[in-house]
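Structure below is work35.tsv: TSV, C-alpha atoms and all ligand atoms.
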```tsv
chain	number	residue	atom	x	y	z
I	1	MET	CA	-21.18	-31.65	-26.17
I	2	LYS	CA	-22.31	-28.07	-26.36
I	3	ARG	CA	-22.40	-27.79	-22.58
I	4	GLN	CA	-18.84	-29.07	-22.40
I	5	TYR	CA	-17.72	-26.45	-24.87
I	6	VAL	CA	-19.30	-23.67	-22.80
I	7	ALA	CA	-17.67	-24.99	-19.63
I	8	ALA	CA	-14.28	-25.12	-21.33
I	9	SER	CA	-14.67	-21.52	-22.54
I	10	LEU	CA	-15.59	-20.33	-19.08
I	11	ALA	CA	-12.57	-22.13	-17.66
I	12	ALA	CA	-10.36	-20.43	-20.23
I	13	ILE	CA	-11.82	-17.02	-19.42
I	14	SER	CA	-11.40	-17.45	-15.68
I	15	ALA	CA	-7.83	-18.71	-16.20
I	16	LEU	CA	-7.11	-15.50	-18.11
I	17	GLY	CA	-8.68	-13.51	-15.30
I	18	VAL	CA	-6.42	-15.17	-12.77
I	19	LEU	CA	-3.40	-14.38	-14.93
I	20	PHE	CA	-4.35	-10.72	-15.10
I	21	VAL	CA	-4.86	-10.55	-11.35
I	22	ALA	CA	-1.60	-12.37	-10.61
I	23	ALA	CA	0.59	-10.25	-12.87
I	24	PRO	CA	-0.77	-6.72	-13.24
I	25	ALA	CA	1.43	-4.36	-15.23
I	26	HIS	CA	1.74	-1.82	-12.42
I	27	GLY	CA	2.03	-3.94	-9.29
I	28	ILE	CA	-0.79	-4.38	-6.77
I	29	GLN	CA	-4.09	-2.63	-7.36
I	30	GLU	CA	-5.93	-1.29	-4.32
I	31	ARG	CA	-9.17	-3.06	-3.43
I	32	GLU	CA	-11.96	-1.26	-1.61
I	33	GLN	CA	-13.10	-1.52	1.23
I	34	ASN	CA	-9.52	-1.08	2.38
I	35	GLY	CA	-10.13	1.11	5.42
I	36	THR	CA	-8.88	1.02	9.01
I	37	ARG	CA	-11.03	-1.96	9.93
I	38	ASN	CA	-10.19	-3.95	6.83
I	39	PRO	CA	-6.61	-3.27	5.67
I	40	GLN	CA	-5.48	-4.78	2.39
I	41	ASN	CA	-2.55	-7.19	2.74
I	42	ILE	CA	0.30	-6.42	0.34
I	43	GLY	CA	2.99	-8.90	1.35
I	44	ARG	CA	6.42	-8.80	2.92
I	45	VAL	CA	8.78	-5.85	2.82
I	46	SER	CA	12.18	-6.51	1.28
I	47	SER	CA	14.77	-4.77	-0.86
I	48	VAL	CA	12.49	-5.49	-3.82
I	49	PRO	CA	9.89	-2.70	-3.80
I	50	ILE	CA	6.22	-3.51	-3.25
I	51	ARG	CA	4.26	-1.34	-5.68
I	52	VAL	CA	0.62	-0.42	-5.13
I	53	SER	CA	-1.57	1.87	-7.20
I	54	GLY	CA	-4.93	3.28	-6.25
I	55	GLN	CA	-7.15	6.31	-5.89
I	56	ILE	CA	-8.51	8.48	-3.11
I	57	THR	CA	-12.02	9.24	-4.25
I	58	GLY	CA	-12.94	11.88	-1.67
I	59	ASN	CA	-12.64	12.79	2.00
I	60	ARG	CA	-14.46	9.62	3.09
I	61	ASP	CA	-12.02	7.31	1.35
I	62	GLU	CA	-8.98	6.15	3.30
I	63	ASP	CA	-6.81	3.39	1.89
I	64	VAL	CA	-5.02	1.22	4.44
I	65	PHE	CA	-2.45	-1.44	3.52
I	66	ARG	CA	-0.85	-3.99	5.83
I	67	PHE	CA	2.63	-5.36	5.19
I	68	GLU	CA	4.73	-7.98	6.96
I	69	LEU	CA	8.28	-7.32	8.04
I	70	SER	CA	11.19	-8.72	9.99
I	71	PRO	CA	11.28	-6.81	13.31
I	72	GLY	CA	14.06	-4.21	13.25
I	73	GLN	CA	13.75	-3.37	9.56
I	74	ASN	CA	13.86	0.21	8.30
I	75	VAL	CA	10.91	0.77	6.03
I	76	LYS	CA	10.67	3.46	3.38
I	77	ALA	CA	7.32	4.43	1.83
I	78	THR	CA	7.10	6.76	-1.14
I	79	LEU	CA	3.83	8.10	-2.52
I	80	THR	CA	3.63	9.85	-5.88
I	81	VAL	CA	0.34	11.69	-6.43
I	82	ASN	CA	-1.58	13.85	-8.89
I	83	GLY	CA	-3.36	15.82	-6.13
I	84	ASP	CA	-3.09	16.63	-2.43
I	85	ILE	CA	-3.37	13.47	-0.37
I	86	ASP	CA	-1.18	12.47	2.58
I	87	LEU	CA	0.76	9.48	3.83
I	88	GLU	CA	1.06	7.77	7.22
I	89	VAL	CA	3.28	4.81	8.10
I	90	LEU	CA	2.31	3.04	11.30
I	91	GLU	CA	4.01	0.49	13.53
I	92	ASP	CA	1.71	-2.09	15.09
I	93	SER	CA	2.75	-1.01	18.59
I	94	ASN	CA	0.43	-3.32	20.53
I	95	LEU	CA	1.27	-6.29	18.26
I	96	ASP	CA	-2.32	-7.32	17.56
I	97	GLY	CA	-1.96	-7.18	13.79
I	98	LYS	CA	-4.68	-4.52	13.61
I	99	LEU	CA	-4.56	-0.81	13.06
I	100	ALA	CA	-5.51	0.92	16.32
I	101	GLY	CA	-5.45	4.41	17.76
I	102	GLY	CA	-2.36	3.78	19.88
I	103	ASP	CA	-0.15	2.60	17.03
I	104	THR	CA	2.90	4.80	16.51
I	105	LYS	CA	2.96	6.71	13.26
I	106	LYS	CA	5.11	8.91	11.09
I	107	ILE	CA	3.43	11.19	8.60
I	108	SER	CA	4.27	13.07	5.42
I	109	ILE	CA	1.96	16.00	4.66
I	110	ASN	CA	3.39	17.95	1.75
I	111	GLU	CA	1.19	20.31	-0.21
I	112	GLY	CA	-0.27	19.86	-3.65
I	113	LYS	CA	1.22	17.31	-6.00
I	114	GLN	CA	4.48	16.89	-4.10
I	115	THR	CA	5.66	13.35	-3.46
I	116	GLU	CA	5.22	12.12	0.11
I	117	GLU	CA	7.95	10.06	1.76
I	118	VAL	CA	8.39	8.43	5.17
I	119	ILE	CA	11.35	6.43	6.44
I	120	TYR	CA	10.32	4.51	9.55
I	121	ARG	CA	13.45	3.23	11.29
I	122	ASN	CA	13.68	0.11	13.44
I	123	MET	CA	10.10	-1.02	13.09
I	124	ARG	CA	9.78	-3.68	15.76
I	125	SER	CA	6.40	-5.23	15.00
I	126	ARG	CA	5.59	-8.14	12.71
I	127	TYR	CA	3.17	-5.99	10.76
I	128	GLY	CA	3.17	-2.40	9.65
I	129	PHE	CA	0.55	-0.24	8.00
I	130	VAL	CA	0.37	2.48	5.39
I	131	ARG	CA	-2.61	4.82	5.47
I	132	ILE	CA	-3.37	7.20	2.61
I	133	MET	CA	-6.08	9.81	2.86
I	134	ASP	CA	-7.37	13.20	1.83
I	135	SER	CA	-5.16	16.04	3.10
I	136	GLY	CA	-8.16	17.57	4.86
I	137	GLY	CA	-7.45	20.91	3.24
I	138	ALA	CA	-9.58	22.83	0.82
I	139	GLY	CA	-7.50	21.69	-2.12
I	140	LEU	CA	-8.93	18.25	-2.83
I	141	SER	CA	-10.91	18.20	-6.03
I	142	GLY	CA	-12.26	15.01	-7.48
I	143	ILE	CA	-10.26	11.83	-7.57
I	144	VAL	CA	-6.56	11.68	-6.73
I	145	ALA	CA	-4.51	8.81	-8.16
I	146	TYR	CA	-1.39	7.56	-6.45
I	147	ASN	CA	1.47	5.11	-6.72
I	148	LEU	CA	2.87	3.74	-3.48
I	149	THR	CA	6.25	2.03	-3.14
I	150	ILE	CA	7.40	0.27	0.03
I	151	THR	CA	11.00	-0.91	0.38
I	152	ALA	CA	13.34	-2.12	3.12
I	153	VAL	CA	16.24	0.32	3.44
I	154	SER	CA	19.32	0.76	5.61
I	155	ALA	CA	19.13	3.22	8.51
I	156	ASN	CA	20.34	6.09	6.31
I	157	GLY	CA	17.52	5.49	3.83
I	158	ARG	CA	19.67	3.87	1.13
I	159	PRO	CA	18.51	0.65	-0.51
I	160	VAL	CA	19.55	-2.52	1.26
I	161	ILE	CA	22.09	-4.54	-0.74
I	162	GLN	CA	20.66	-7.99	-1.04
I	163	ASN	CA	23.06	-10.94	-0.81
I	164	ARG	CA	22.51	-13.35	-3.66
W	1	CA	CA	-9.32	4.15	-2.48
W	2	CA	CA	-10.44	2.98	0.79
W	3	CA	CA	-0.01	15.97	0.50
```

As structure tokens, the full file:
Amino acid sequence: MKRQYVAASLAAISALGVLFVAAPAHGIQEREQNGTRNPQNIGRVSSVPIRVSGQITGNRDEDVFRFELSPGQNVKATLTVNGDIDLEVLEDSNLDGKLAGGDTKKISINEGKQTEEVIYRNMRSRYGFVRIMDSGGAGLSGIVAYNLTITAVSANGRPVIQNR
């Protein structure tokens, strides 16, 4: 009887945990080790923004996210920050689903706490990547928090109107 009660409580606690993971208040939370060799999957790009929040904890931390797309989409990534980190958006040029040196990239390297933004037009691969890292300058101090938004846009950068 007592054992059953404990099991039921554990089940209730883990069910709550699943709920919290499934519906976080601020979108997707980054999960280390999300580097070049182990990108974190964040789903499919659409007109509904994918929102990711995380932290760059120093010059050895890079955060890499992999998204799915429909080849030909225009993808807009926006990064709001509270310190100087930078943004790369990469097309999976050799179509292996992995982030490699030859993959084509567009970067945004503003100074300080300025928002970074990249619009990558006509991405032709099935997967794309976002890489966030230390700016490499002298300015990084401590931990920098960020919020990343990825959205499908029209070629001029405006939101895509979704047919309902
Ligand atoms: Ca991180
Ligand atoms: Ca990382
Ligand atoms: Ca920057």

Work out how far atom CA of I:Lys105 is from atom CA of I:Gln55, in Å to one decimal.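 Between atom CA of I:Gln55 and atom CA of I:Lys105 the gap is 21.7 Å.
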
Atom CA of I:Arg131 and atom CA of I:Gln40, how far apart in Å?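 Atom CA of I:Arg131 lies at a distance of 10.5 Å from atom CA of I:Gln40.
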
Counting only C-alpha atoms and all ligand atoms, name the residues that have an atom within 6 Å of an atom of ligand CA 3 (chain W); the answer should be given as a ChimeraX atom specification. /I:84-86,109-112,135

For a quick check of understanding, using all atoms listed in the file, which of I:Ile132, I:Asn147, I:Gln114, I:Lys76 has the smallest distance to ligand CA 2 (chain W)?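 Comparing I:Ile132, I:Asn147, I:Gln114, I:Lys76 against ligand CA 2 (chain W), the winner is I:Ile132.
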
Once you count all atoms listed in the file, which residues end up within 9 Å of ligand CA 2 (chain W), and could you hand them over as a list in words?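 Counting all atoms listed in the file, the residues within 9 Å of ligand CA 2 (chain W) come out as Glu30, Arg31, Glu32, Gln33, Asn34, Gly35, Thr36, Pro39, Gly54, Gln55, Ile56, Thr57, Arg60, Asp61, Glu62, Asp63, Val64, Ile132 and Met133 of chain I.
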
Report as a VMD selection string all protein, DNA and RNA residues lying within 10 Å of I:Arg121, evaluated on only C-alpha atoms, omitting residues in the same chain fewer than 3 positions from it. chain I and resid 72 to 76 118 124 152 to 157

May I ask which of the residues I:Asn122, I:Glu68, I:Ser47, I:Val130 is the closest one to I:Glu88, counting only C-alpha atoms?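 Ranking I:Asn122, I:Glu68, I:Ser47, I:Val130 by distance to I:Glu88, first place goes to I:Val130.
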
Report, in Å with one decimal, the straight-line distance from atom CA of I:Arg126 to atom CA of I:Glu91. 8.8 Å

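Distances from I:Ala145, I:Lys113, I:Arg158, I:Arg37 to ligand CA 1 (chain W) were compared using only C-alpha atoms and all ligand atoms, and the smallest one belongs to I:Ala145.
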
Near I:Thr80, counting all atoms listed in the file, which residues have an atom at most 7 Å away, once you skip same-chain residues fewer than 5 positions from it, shown as a PyMOL selection string? chain I and resi 115-116+146-148

Of the residues I:Ile150, I:Met123, I:Ile143, I:Leu79, which is the one nearest to I:Ser93, using all atoms listed in the file? I:Met123

Taking (7.0, -7.6, 0.6) in the file's coordinates, which residues come within 9 Å, counting all atoms listed in the file, written as a list in words?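 Using all atoms listed in the file, the matching residues come out as Ile42, Gly43, Arg44, Val45, Ser46, Ser47, Val48, Pro49, Ile50, Phe67, Glu68, Leu69, Ile150, Thr151 and Ala152 of chain I.
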
Keeping only C-alpha atoms, write the selected residues to a file as a PDB file, keeping the file's coordinate frame.
```
ATOM      1  CA  ILE I  42       0.300  -6.420   0.340  1.00  0.00           C
ATOM      2  CA  GLY I  43       2.990  -8.900   1.350  1.00  0.00           C
ATOM      3  CA  ARG I  44       6.420  -8.800   2.920  1.00  0.00           C
ATOM      4  CA  VAL I  45       8.780  -5.850   2.820  1.00  0.00           C
ATOM      5  CA  SER I  46      12.180  -6.510   1.280  1.00  0.00           C
ATOM      6  CA  SER I  47      14.770  -4.770  -0.860  1.00  0.00           C
ATOM      7  CA  VAL I  48      12.490  -5.490  -3.820  1.00  0.00           C
ATOM      8  CA  PRO I  49       9.890  -2.700  -3.800  1.00  0.00           C
ATOM      9  CA  ILE I  50       6.220  -3.510  -3.250  1.00  0.00           C
ATOM     10  CA  PHE I  67       2.630  -5.360   5.190  1.00  0.00           C
ATOM     11  CA  GLU I  68       4.730  -7.980   6.960  1.00  0.00           C
ATOM     12  CA  LEU I  69       8.280  -7.320   8.040  1.00  0.00           C
ATOM     13  CA  ILE I 150       7.400   0.270   0.030  1.00  0.00           C
ATOM     14  CA  THR I 151      11.000  -0.910   0.380  1.00  0.00           C
ATOM     15  CA  ALA I 152      13.340  -2.120   3.120  1.00  0.00           C
TER      16      ALA I 152
END
```

Of I:Ser125, I:Val144, I:Gly83, I:Ser108, the one nearest to ligand CA 1 (chain W) when counting all atoms listed in the file is I:Val144

Nearest to ligand CA 1 (chain W), restricted to all atoms listed in the file and choosing among I:Ser53, I:Ser70, I:Asn41, I:Asn94, comes out as I:Ser53
